[in-house]
Each structure stands twice: as structure tokens, then as C-alpha cells.
>>> print(open('coords-v5.csv').read())   # CSV, C-alpha atoms
chain,number,residue,atom,x,y,z
U,1193,MET,CA,0.0,0.0,0.0
U,1194,ASN,CA,2.8,2.4,0.9
U,1195,ASN,CA,4.6,1.6,-2.4
U,1196,TYR,CA,1.3,2.2,-4.3
U,1197,LEU,CA,0.9,5.7,-2.6
U,1198,LYS,CA,4.6,6.4,-3.3
U,1199,TYR,CA,4.4,5.6,-7.0
U,1200,SER,CA,1.0,7.2,-7.3
U,1201,ASP,CA,2.4,10.5,-6.0
U,1202,ILE,CA,5.3,10.2,-8.5
U,1203,ILE,CA,2.9,9.4,-11.4
U,1204,LYS,CA,0.7,12.4,-10.5
U,1205,LYS,CA,3.8,14.7,-10.5
U,1206,ILE,CA,4.9,13.4,-13.9
U,1207,ILE,CA,1.5,13.9,-15.4
U,1208,LEU,CA,1.4,17.4,-14.0
U,1209,ILE,CA,4.8,18.2,-15.5
U,1210,VAL,CA,3.9,16.7,-18.9
U,1211,SER,CA,0.6,18.6,-18.9
U,1212,VAL,CA,2.3,21.9,-18.1
U,1213,PHE,CA,4.8,21.2,-20.9
U,1214,ILE,CA,2.0,20.4,-23.5
U,1215,ILE,CA,0.0,23.5,-22.5
U,1216,PHE,CA,3.2,25.6,-22.7
U,1217,TYR,CA,4.0,24.2,-26.1
U,1218,LEU,CA,0.4,25.0,-27.4
U,1219,VAL,CA,0.6,28.5,-26.0
U,1220,ILE,CA,4.0,29.3,-27.5
U,1221,PHE,CA,3.5,27.6,-31.0
U,1222,LYS,CA,-0.2,27.8,-31.6
U,1223,ILE,CA,-2.1,30.4,-29.5
U,1224,ILE,CA,0.5,33.3,-29.4
U,1225,PRO,CA,1.2,33.2,-33.2
U,1226,PHE,CA,-2.5,33.1,-34.0
U,1227,LEU,CA,-3.2,36.1,-31.7
U,1228,MET,CA,0.1,37.9,-32.3
U,1229,PRO,CA,-1.4,41.4,-32.9
U,1230,PHE,CA,-3.1,41.2,-29.5
U,1231,VAL,CA,0.0,39.8,-27.8
U,1232,MET,CA,2.0,42.7,-29.1
U,1233,ALA,CA,-0.8,45.1,-28.0
U,1234,LEU,CA,-0.6,43.7,-24.5
U,1235,ILE,CA,3.2,44.2,-24.4
U,1236,PHE,CA,2.8,47.8,-25.6
U,1237,ALA,CA,0.0,48.4,-23.1
U,1238,VAL,CA,2.2,47.1,-20.3
U,1239,ILE,CA,5.1,49.4,-21.4
U,1240,ILE,CA,3.0,52.6,-21.4
U,1241,ASP,CA,1.0,51.7,-18.3
U,1242,PRO,CA,3.2,53.5,-15.8
U,1243,GLY,CA,3.0,56.7,-17.8
U,1244,VAL,CA,-0.7,56.3,-18.2
U,1245,ASN,CA,-1.2,55.8,-14.5
U,1246,PHE,CA,0.9,58.9,-13.8
U,1247,LEU,CA,-1.1,61.1,-16.1
U,1248,GLU,CA,-4.4,59.8,-14.8
U,1249,LYS,CA,-3.6,59.9,-11.0
U,1250,LYS,CA,-1.2,62.8,-10.7
U,1251,LEU,CA,-2.3,65.1,-13.5
U,1252,LYS,CA,-6.0,64.1,-13.5
U,1253,VAL,CA,-5.9,63.4,-17.3
U,1254,PRO,CA,-8.8,61.1,-18.4
U,1255,ARG,CA,-7.4,57.6,-18.9
U,1256,GLY,CA,-8.5,57.3,-22.5
U,1257,LEU,CA,-6.7,60.6,-23.4
U,1258,ALA,CA,-3.6,59.5,-21.3
U,1259,SER,CA,-3.5,56.2,-23.2
U,1260,PHE,CA,-3.8,58.0,-26.5
U,1261,ILE,CA,-1.0,60.4,-25.6
U,1262,LEU,CA,1.4,57.7,-24.4
U,1263,LEU,CA,0.7,55.5,-27.4
U,1264,LEU,CA,1.6,58.4,-29.7
U,1265,ILE,CA,4.8,58.9,-27.7
U,1266,LEU,CA,5.6,55.2,-28.0
U,1267,ILE,CA,5.0,55.3,-31.7
U,1268,GLY,CA,7.2,58.4,-32.0
U,1269,VAL,CA,10.1,56.9,-30.0
U,1270,ILE,CA,10.0,53.6,-31.9
U,1271,GLY,CA,9.7,55.4,-35.3
U,1272,SER,CA,12.5,57.8,-34.4
U,1273,LEU,CA,14.9,55.0,-33.4
U,1274,ILE,CA,14.1,53.1,-36.6
U,1275,ALA,CA,14.6,56.3,-38.6
U,1276,ILE,CA,18.0,57.0,-37.0
U,1277,ILE,CA,19.2,53.5,-37.6
U,1278,VAL,CA,17.9,53.4,-41.2
U,1279,THR,CA,19.4,56.9,-41.9
U,1280,GLN,CA,22.8,55.8,-40.6
U,1281,LEU,CA,22.7,52.6,-42.5
U,1282,ILE,CA,21.6,54.3,-45.8
U,1283,TYR,CA,24.5,56.8,-45.3
U,1284,GLU,CA,27.1,54.1,-44.8
U,1285,LEU,CA,25.6,51.9,-47.6
U,1286,SER,CA,25.6,54.7,-50.1
U,1287,SER,CA,29.2,55.5,-49.2
U,1288,LEU,CA,30.1,51.9,-49.5
U,1289,ALA,CA,28.3,51.7,-52.9
U,1290,GLU,CA,30.4,54.6,-54.3
U,1291,ILE,CA,33.6,52.8,-53.3
U,1292,SER,CA,32.3,49.4,-54.5
U,1293,THR,CA,31.7,50.9,-58.0
U,1294,ASN,CA,35.5,51.2,-58.5
U,1295,TYR,CA,35.9,47.6,-57.3
U,1296,ALA,CA,33.1,46.5,-59.6
U,1297,ASN,CA,34.9,48.0,-62.6
U,1298,THR,CA,38.1,46.3,-61.7
U,1299,ILE,CA,36.3,42.9,-61.1
U,1300,ASN,CA,34.5,43.3,-64.4
U,1301,ASP,CA,37.8,43.9,-66.3
U,1302,ALA,CA,39.3,40.8,-64.6
U,1303,ILE,CA,36.2,38.7,-65.5
U,1304,LEU,CA,36.5,39.8,-69.2
U,1305,ASN,CA,40.1,38.9,-69.3
U,1306,LEU,CA,39.3,35.5,-67.7
U,1307,VAL,CA,36.6,34.9,-70.3
U,1308,ASP,CA,39.0,35.7,-73.2
U,1309,ARG,CA,41.5,33.2,-71.8
U,1310,ILE,CA,38.8,30.5,-71.4
U,1311,ARG,CA,37.6,31.2,-75.0
U,1312,THR,CA,41.2,30.7,-76.3
U,1313,TYR,CA,41.5,27.4,-74.5
U,1314,TYR,CA,38.0,26.3,-75.3
U,1315,ILE,CA,38.4,26.6,-79.1
U,1316,SER,CA,41.5,24.3,-79.0
U,1317,LEU,CA,39.7,21.5,-76.9
U,1318,PRO,CA,38.4,18.2,-78.4
U,1319,PRO,CA,34.7,18.1,-79.3
U,1320,ASN,CA,33.8,15.7,-76.5
U,1321,ILE,CA,35.3,18.0,-73.9
U,1322,THR,CA,33.5,21.1,-75.4
U,1323,SER,CA,30.2,19.3,-75.3
U,1324,LEU,CA,30.7,18.4,-71.7
U,1325,ILE,CA,31.5,22.0,-70.9
U,1326,GLU,CA,28.4,23.2,-72.8
U,1327,SER,CA,26.2,20.8,-70.8
U,1328,ASN,CA,27.6,22.0,-67.5
U,1329,MET,CA,27.2,25.6,-68.6
U,1330,HIS,CA,23.5,24.9,-69.4
U,1331,SER,CA,23.1,23.4,-65.9
U,1332,ILE,CA,24.6,26.5,-64.4
U,1333,LEU,CA,22.4,28.7,-66.4
U,1334,ASN,CA,19.4,26.7,-65.3
U,1335,TYR,CA,20.4,27.1,-61.7
U,1336,ILE,CA,20.7,30.9,-62.2
U,1337,SER,CA,17.3,31.0,-63.9
U,1338,LEU,CA,15.8,29.0,-61.0
U,1339,PHE,CA,17.4,31.3,-58.4
U,1340,ALA,CA,16.1,34.4,-60.3
U,1341,LYS,CA,12.6,32.8,-60.4
U,1342,ASN,CA,12.6,32.0,-56.7
U,1343,LEU,CA,13.8,35.5,-55.9
U,1344,ALA,CA,11.1,37.1,-58.0
U,1345,THR,CA,8.5,34.8,-56.3
U,1346,TRP,CA,9.8,35.9,-52.8
U,1347,LEU,CA,9.6,39.5,-53.8
U,1348,LEU,CA,6.1,39.1,-55.0
U,1349,ASN,CA,5.1,37.3,-51.9
U,1350,PHE,CA,6.7,40.0,-49.8
U,1351,ALA,CA,4.8,42.7,-51.7
U,1352,THR,CA,1.5,40.8,-51.3
U,1353,LYS,CA,2.1,40.6,-47.5
U,1354,LEU,CA,2.6,44.3,-47.1
U,1355,PRO,CA,-1.1,45.1,-46.9
U,1356,ASN,CA,-1.6,42.4,-44.3
U,1357,PHE,CA,1.4,43.8,-42.3
U,1358,PHE,CA,-0.2,47.3,-42.3
U,1359,PHE,CA,-3.5,45.8,-41.3
U,1360,MET,CA,-1.9,43.8,-38.4
U,1361,THR,CA,-0.1,47.0,-37.3
U,1362,LEU,CA,-3.4,48.9,-37.3
U,1363,ILE,CA,-5.1,46.1,-35.2
U,1364,THR,CA,-2.1,46.2,-32.8
U,1365,LEU,CA,-2.3,49.9,-32.2
U,1366,VAL,CA,-6.1,50.0,-31.8
U,1367,ALA,CA,-5.9,47.0,-29.4
U,1368,THR,CA,-3.1,48.7,-27.4
U,1369,PHE,CA,-5.3,51.7,-26.9
U,1370,PHE,CA,-8.3,49.8,-25.7
U,1371,ILE,CA,-6.3,47.4,-23.5
U,1372,SER,CA,-4.6,50.5,-21.8
U,1373,LYS,CA,-7.8,52.6,-21.6
U,1374,ASP,CA,-10.0,49.8,-20.2
U,1375,LYS,CA,-7.3,48.0,-18.1
U,1376,GLN,CA,-9.4,47.9,-15.0
U,1377,LEU,CA,-12.5,46.8,-16.8
U,1378,ILE,CA,-10.7,43.9,-18.5
U,1379,LEU,CA,-9.0,42.8,-15.2
U,1380,ASP,CA,-12.3,42.9,-13.3
U,1381,PHE,CA,-13.9,40.7,-16.1
U,1382,ILE,CA,-11.0,38.2,-15.9
U,1383,LYS,CA,-11.2,38.1,-12.1
U,1384,ARG,CA,-14.9,37.3,-12.2
U,1385,GLN,CA,-14.2,34.2,-14.4
U,1386,ILE,CA,-11.6,32.8,-12.0
U,1387,PRO,CA,-12.5,31.1,-8.7
U,1388,SER,CA,-11.7,33.4,-5.7
U,1389,HIS,CA,-9.1,31.1,-4.2
U,1390,TRP,CA,-7.3,31.1,-7.6
U,1391,ALA,CA,-7.1,34.9,-7.8
U,1392,GLN,CA,-4.0,35.4,-5.6
U,1393,HIS,CA,-2.2,32.5,-7.3
U,1394,ALA,CA,-3.0,34.1,-10.7
U,1395,LYS,CA,-1.7,37.5,-9.5
U,1396,ASN,CA,1.5,35.9,-8.2
U,1397,ILE,CA,2.0,34.1,-11.5
U,1398,GLN,CA,1.3,37.3,-13.5
U,1399,VAL,CA,3.8,39.3,-11.5
U,1400,ASP,CA,6.5,36.6,-11.8
U,1401,LEU,CA,6.1,36.1,-15.5
U,1402,LEU,CA,6.0,39.8,-16.4
U,1403,LYS,CA,9.1,40.4,-14.3
U,1404,THR,CA,10.8,37.5,-16.0
U,1405,PHE,CA,9.7,38.5,-19.5
U,1406,PHE,CA,11.1,42.1,-19.2
U,1407,GLY,CA,14.2,40.8,-17.4
U,1408,TYR,CA,14.8,38.4,-20.3
U,1409,LEU,CA,14.4,41.2,-22.9
U,1410,ARG,CA,16.8,43.3,-20.9
U,1411,ALA,CA,19.3,40.5,-20.8
U,1412,VAL,CA,19.1,39.9,-24.6
U,1413,ALA,CA,19.5,43.6,-25.2
U,1414,THR,CA,22.5,43.8,-22.9
U,1415,ILE,CA,24.2,40.9,-24.6
U,1416,MET,CA,23.6,42.4,-28.1
U,1417,LEU,CA,24.9,45.8,-26.9
U,1418,ILE,CA,28.1,44.2,-25.5
U,1419,THR,CA,28.6,42.3,-28.7
U,1420,PHE,CA,28.0,45.4,-30.8
U,1421,LEU,CA,30.5,47.5,-28.8
U,1422,GLU,CA,33.1,44.7,-28.9
U,1423,VAL,CA,32.8,44.2,-32.7
U,1424,SER,CA,32.5,47.9,-33.6
U,1425,ILE,CA,35.5,49.0,-31.5
U,1426,GLY,CA,37.5,46.0,-32.6
U,1427,LEU,CA,36.9,46.7,-36.3
U,1428,ALA,CA,37.7,50.3,-35.8
U,1429,MET,CA,41.0,49.4,-34.1
U,1430,ILE,CA,41.8,47.0,-37.0
U,1431,GLY,CA,41.2,49.9,-39.4
U,1432,PHE,CA,38.0,48.9,-41.2
U,1433,ASP,CA,35.8,51.6,-42.6
U,1434,TYR,CA,32.1,51.6,-41.6
U,1435,PRO,CA,32.6,49.8,-38.2
U,1436,PHE,CA,29.0,50.8,-37.2
U,1437,LEU,CA,27.5,49.1,-40.1
U,1438,LEU,CA,29.7,46.0,-40.0
U,1439,GLY,CA,29.3,45.8,-36.2
U,1440,LEU,CA,25.5,46.0,-36.5
U,1441,LEU,CA,25.6,43.2,-39.1
U,1442,VAL,CA,27.7,40.9,-37.0
U,1443,THR,CA,25.5,41.6,-33.9
U,1444,ILE,CA,22.3,40.8,-35.8
U,1445,VAL,CA,23.8,37.5,-37.2
U,1446,ASP,CA,25.2,36.7,-33.7
U,1447,ALA,CA,21.7,37.0,-32.2
U,1448,LEU,CA,20.6,34.2,-34.5
U,1449,PRO,CA,21.5,31.0,-32.7
U,1450,VAL,CA,21.7,28.9,-36.0
U,1451,LEU,CA,24.4,31.2,-37.4
U,1452,GLY,CA,26.3,33.1,-34.8
U,1453,SER,CA,29.0,35.7,-35.4
U,1454,GLY,CA,31.3,33.1,-36.8
U,1455,ALA,CA,29.1,32.9,-40.0
U,1456,VAL,CA,30.4,36.4,-40.9
U,1457,MET,CA,33.8,36.7,-39.1
U,1458,VAL,CA,35.4,33.3,-39.9
U,1459,PRO,CA,34.9,33.5,-43.7
U,1460,TRP,CA,35.9,37.2,-43.6
U,1461,ALA,CA,39.1,36.3,-41.8
U,1462,LEU,CA,39.8,33.4,-44.2
U,1463,TYR,CA,39.3,35.6,-47.2
U,1464,ASN,CA,41.8,38.1,-45.9
U,1465,ILE,CA,44.3,35.3,-45.2
U,1466,ILE,CA,43.8,33.9,-48.7
U,1467,MET,CA,44.3,37.4,-50.1
U,1468,LYS,CA,47.6,37.6,-48.2
U,1469,ASN,CA,46.3,40.2,-45.7
U,1470,TYR,CA,47.6,37.9,-42.9
U,1471,MET,CA,47.5,40.3,-40.0
U,1472,VAL,CA,43.9,41.5,-40.8
U,1473,GLY,CA,42.8,37.9,-41.0
U,1474,ILE,CA,44.5,37.0,-37.7
U,1475,TYR,CA,43.0,40.1,-36.0
U,1476,LEU,CA,39.6,39.1,-37.2
U,1477,LEU,CA,40.0,35.6,-35.8
U,1478,ILE,CA,41.2,37.1,-32.5
U,1479,LEU,CA,38.2,39.4,-32.4
U,1480,TYR,CA,35.9,36.5,-33.1
U,1481,GLY,CA,37.4,34.4,-30.4
U,1482,LEU,CA,37.0,37.3,-27.9
U,1483,VAL,CA,33.3,37.7,-28.9
U,1484,VAL,CA,32.7,34.0,-28.4
U,1485,VAL,CA,34.5,33.8,-25.1
U,1486,VAL,CA,32.8,36.9,-23.7
U,1487,ARG,CA,29.3,35.7,-24.9
U,1488,GLN,CA,29.8,32.2,-23.3
U,1489,MET,CA,30.9,33.8,-20.1
U,1490,ILE,CA,28.2,36.4,-19.7
U,1491,GLU,CA,25.1,34.9,-21.3
U,1492,PRO,CA,24.2,32.3,-18.7
U,1493,LYS,CA,25.0,34.7,-15.9
U,1494,ILE,CA,23.1,37.7,-17.3
U,1495,VAL,CA,20.1,35.7,-18.5
U,1496,GLY,CA,20.1,33.7,-15.2
U,1497,GLN,CA,20.2,36.9,-13.0
U,1498,SER,CA,17.5,38.6,-15.1
U,1499,ILE,CA,15.0,35.7,-14.9
U,1500,GLY,CA,16.0,34.4,-11.5
U,1501,LEU,CA,17.7,31.2,-12.4
U,1502,HIS,CA,21.1,29.7,-11.5
U,1503,PRO,CA,23.5,30.1,-14.5
U,1504,LEU,CA,23.9,26.3,-14.6
U,1505,VAL,CA,20.1,25.8,-14.8
U,1506,THR,CA,19.9,28.5,-17.5
U,1507,LEU,CA,22.6,26.8,-19.5
U,1508,LEU,CA,20.9,23.3,-19.1
U,1509,SER,CA,17.5,24.7,-20.1
U,1510,MET,CA,19.0,26.4,-23.2
U,1511,PHE,CA,20.7,23.2,-24.2
U,1512,ILE,CA,17.6,21.0,-23.8
U,1513,GLY,CA,15.5,23.6,-25.5
U,1514,ALA,CA,17.8,23.7,-28.5
U,1515,LYS,CA,17.8,19.9,-28.7
U,1516,LEU,CA,14.0,19.8,-28.7
U,1517,PHE,CA,13.0,22.9,-30.6
U,1518,GLY,CA,16.1,24.0,-32.5
U,1519,ALA,CA,17.3,27.6,-32.4
U,1520,LEU,CA,14.0,28.8,-30.9
U,1521,GLY,CA,14.6,26.4,-28.0
U,1522,LEU,CA,17.4,28.6,-26.7
U,1523,VAL,CA,14.7,31.1,-25.7
U,1524,ILE,CA,11.9,28.6,-25.0
U,1525,GLY,CA,14.0,26.5,-22.6
U,1526,PRO,CA,14.6,29.2,-19.9
U,1527,VAL,CA,11.1,30.5,-20.3
U,1528,PHE,CA,9.6,27.1,-19.7
U,1529,VAL,CA,11.7,26.7,-16.5
U,1530,VAL,CA,10.5,30.2,-15.3
U,1531,VAL,CA,6.8,29.3,-16.0
U,1532,PHE,CA,7.4,26.0,-14.1
U,1533,LYS,CA,8.9,27.8,-11.1
U,1534,ALA,CA,6.0,30.3,-11.1
U,1535,LEU,CA,3.5,27.5,-11.0
U,1536,GLN,CA,5.4,25.8,-8.2
U,1537,LYS,CA,5.5,29.1,-6.3
U,1538,ALA,CA,1.7,29.4,-6.7
U,1539,GLU,CA,1.4,25.8,-5.4
U,1540,ILE,CA,-0.3,24.6,-8.6
U,1541,ILE,CA,2.6,22.2,-9.1
U,1542,PRO,CA,4.2,20.5,-6.1
U,1543,PRO,CA,7.6,22.2,-5.3
U,1544,TRP,CA,10.9,20.3,-5.2
U,1545,LYS,CA,11.9,18.9,-1.9
>>> encode(input="coords-v5.csv", output="C-alpha cells")
Amino acid sequence: MNNYLKYSDIIKKIILIVSVFIIFYLVIFKIIPFLMPFVMALIFAVIIDPGVNFLEKKLKVPRGLASFILLLILIGVIGSLIAIIVTQLIYELSSLAEISTNYANTINDAILNLVDRIRTYYISLPPNITSLIESNMHSILNYISLFAKNLATWLLNFATKLPNFFFMTLITLVATFFISKDKQLILDFIKRQIPSHWAQHAKNIQVDLLKTFFGYLRAVATIMLITFLEVSIGLAMIGFDYPFLLGLLVTIVDALPVLGSGAVMVPWALYNIIMKNYMVGIYLLILYGLVVVVRQMIEPKIVGQSIGLHPLVTLLSMFIGAKLFGALGLVIGPVFVVVFKALQKAEIIPPWK
């Protein structure tokens, strides 16, 4: 009987854990993508809520007007940041384009000379060799044609999705306004649907998850900022032009777990070594090594501190998440552990002994 109770308790815990995992999976991969405009609206409403509360309580501004004002400010701030970044990128890209024109002319002359040499050798080759070359050339042309067709299809799909993007943006902004304006009304409605003894648990879970969510965003932003500063300063010290543009590119690629900064910096370093720019190639490899070492050292610690997990637990959850869900699992793993801890804290799931 004691063994039965012991194993029964273990089975119940396993079922609870599996159920939480399934629900978490459905929320992340099914519900959130389906309701993405409203999820973004909720995030924006949370961001502007302190300002709305200040205007409403301290300055006696009607909540609807306060929500509208703060929403306009948020749009202005995000739009200004995007405009600044895009303007700087356009400036550096246009300068780069002017310089690359000279390189393009040089490369074009080199290609023409190469074509002339190939033509000279080609004429003197036996017929069976020339037919083989021609068939390979046809295959290459077919690949180029297929690539151009796929590119045109992608551009067409992108153009057709623009109206949907603007529609989703409009839905997000309108939803943000109403969530912010009628916050108390919405919260009261939700509370009425939840049993009274669940209300405090739900509040604790909400506080923990919101704190963790913004802590995680702050951690990711901190890591990206450190990487950007490392790369930009390092490239400037090596002597590259446009360190801002190149540093931003490497940082964006580094934020993608599938690729990482090595997808840019290692081929770049090897290219310089092949072109006999040995010191530049070595400096790039040293910079890449520094970026990797610093990231591996700070990521578990910064993420762990921001979401309240031990660095080893953070590292383990990222590893398991990556094994189960690929690149996205590096984010999902720690988030799942945080949700699990919040449910344990709310006594919905039995805590660890």
C-alpha cells in the first residue's frame, strides 16, 4: 500500500509536468502566433501603463486621453529609433556603394580577361570536352534561372504581404489603446471568471512572468549591446571603414543561434588570409574568439540573473530547449523553467523537496 501511494504520487507529478509542458507548447507555438497582434498590443500596453497611471492619477488626465498620448509617444520613439538606424545605414551603404563601383569595374575587367582566356583554351579543346563544358554551362544557367525565379517569387510574396502587415499593425495599435484605456474593466472581467481562491495565485504568476519577461528582454538587449560594442570597437581598431554598419551586421547575425557571429567573421578572416592580408585575418580571428568567449561567459550569468535562475540551470535549459526545438529552443527552454517555477510558487505544481 505504501509503495502504491509512493508511486501514485510520482505518477501524478509526472502527469502534471507533462501537462504543463504540453500547455506551454500549445501557447507558444499555436495560440501566441495566432493572436500575435493582441499579444504585441498587451506588451505595448504594459510598457506605457506606468506613464498612463501617472497622467491619470497625478495630473488628472482622463485615462482614455492619457492612453492615446502615451501611445503616440511610444510610436514616435520607436519610429525615431528606426529612422535614426535606417538613416545611418543608408548613409554608410551609399558611401560603400560609391567605393564598390570602382571595385566592380576592376572585377568586371578581370572577368572579361578571364573569359577571353577561357575562350582561347575552349576553341582548342576536343569536341567531347567542349560538349561536356556546354552541358555544364547549361546546368549552371538553369540554376541561375531557378534562383532568379525564386527571388522574383519571394519579392512578389513580400509585396502581397505588405497590406496584411499594415492591417496587423493597425489592429495592434487599436488593441493597445483599448487594453490600456480599459485595463481595470478587463482585469475585473477576468477576475470574475476565476474562482476566488485562484485569484491570488494568478496574480503571483502574472507578476513573476511579467518580471521575468522584461528581465529576459533586458538580458538579450544587454548581450547584443556588449557584442555590438566589442565588434565595432575591434573593427575600428583593426582599421576597417564603416565599423558601425559592420558591427551591427555581425551583432544581428550573432543574435541568430543557428548562425552566430562566426558565420560572418570566420569566412571574412579566411578571405583576408587567402588574399595575403595575414594580419587582418589574424586580428579578425582574435576578435571572433573574444566575442565567443565573452558571450559564453556572460550569457548564462546575465540571463540567469535577469530571470531568477542559477546560471547552470539556465545553461541546461537552453541546451535541452535547443535539442527539442532547434534555435528557438534557446529562448523557450529558460522561459519554460521560469513558468514551471512560477506554477510551483503558486502551489499549482508540487515544489521540489
>>> residues_around(input="coords-v5.csv", residues="segment 1519-1531 of chain U", least_positions_apart="2", cutoff="6 Å", atoms="all atoms listed in the file", output="tab-separated table (two decimals) with C-alpha atoms, keeping the file's coordinate frame")
chain	number	residue	atom	x	y	z
U	1449	PRO	CA	21.50	31.00	-32.70
U	1450	VAL	CA	21.70	28.90	-36.00
U	1506	THR	CA	19.90	28.50	-17.50
U	1509	SER	CA	17.50	24.70	-20.10
U	1510	MET	CA	19.00	26.40	-23.20
U	1513	GLY	CA	15.50	23.60	-25.50
U	1514	ALA	CA	17.80	23.70	-28.50
U	1517	PHE	CA	13.00	22.90	-30.60
U	1533	LYS	CA	8.90	27.80	-11.10
U	1534	ALA	CA	6.00	30.30	-11.10
>>> atom_distance(input="coords-v5.csv", atom1="atom CA of Met1416 of chain U", atom2="atom CA of Ile1235 of chain U")
20.8 Å
>>> closest_residue(input="coords-v5.csv", among="U:Val1412, U:Ile1203, U:Leu1479, U:Gly1426", to="Pro1492 of chain U", atoms="only C-alpha atoms")
U:Val1412
>>> closest_residue(input="coords-v5.csv", among="U:Ile1274, U:Val1458, U:Val1210, U:Leu1365", to="Ser1259 of chain U", atoms="only C-alpha atoms")
U:Leu1365
>>> atom_distance(input="coords-v5.csv", atom1="atom CA of Leu1427 of chain U", atom2="atom CA of Leu1476 of chain U")
8.1 Å
>>> closest_residue(input="coords-v5.csv", among="U:Lys1373, U:Ile1474, U:Phe1221, U:Leu1535", to="Ile1240 of chain U", atoms="all atoms listed in the file")
U:Lys1373
>>> residues_around(input="coords-v5.csv", residues="Phe1260 of chain U", least_positions_apart="6", cutoff="12 Å", atoms="only C-alpha atoms", output="list in words")
Ala1237, Ile1240, Asp1241, Gly1243, Val1244, Leu1247, Glu1248, Val1253, Pro1254, Leu1266, Ile1267, Leu1365, Val1366, Ala1367, Thr1368, Phe1369, Phe1370, Ile1371, Ser1372 and Lys1373 of chain U
>>> atom_distance(input="coords-v5.csv", atom1="atom CA of Tyr1434 of chain U", atom2="atom CA of Val1278 of chain U")
14.3 Å
>>> closest_residue(input="coords-v5.csv", among="U:Pro1355, U:Pro1435, U:Gly1271, U:Gly1454", to="Ile1478 of chain U", atoms="all atoms listed in the file")
U:Gly1454
>>> closest_residue(input="coords-v5.csv", among="U:Met1471, U:Ala1461, U:Ile1386, U:Val1483", to="Leu1417 of chain U", atoms="only C-alpha atoms")
U:Val1483
>>> closest_residue(input="coords-v5.csv", among="U:Gln1488, U:Met1360, U:Ile1239, U:Phe1213", to="Leu1227 of chain U", atoms="all atoms listed in the file")
U:Met1360
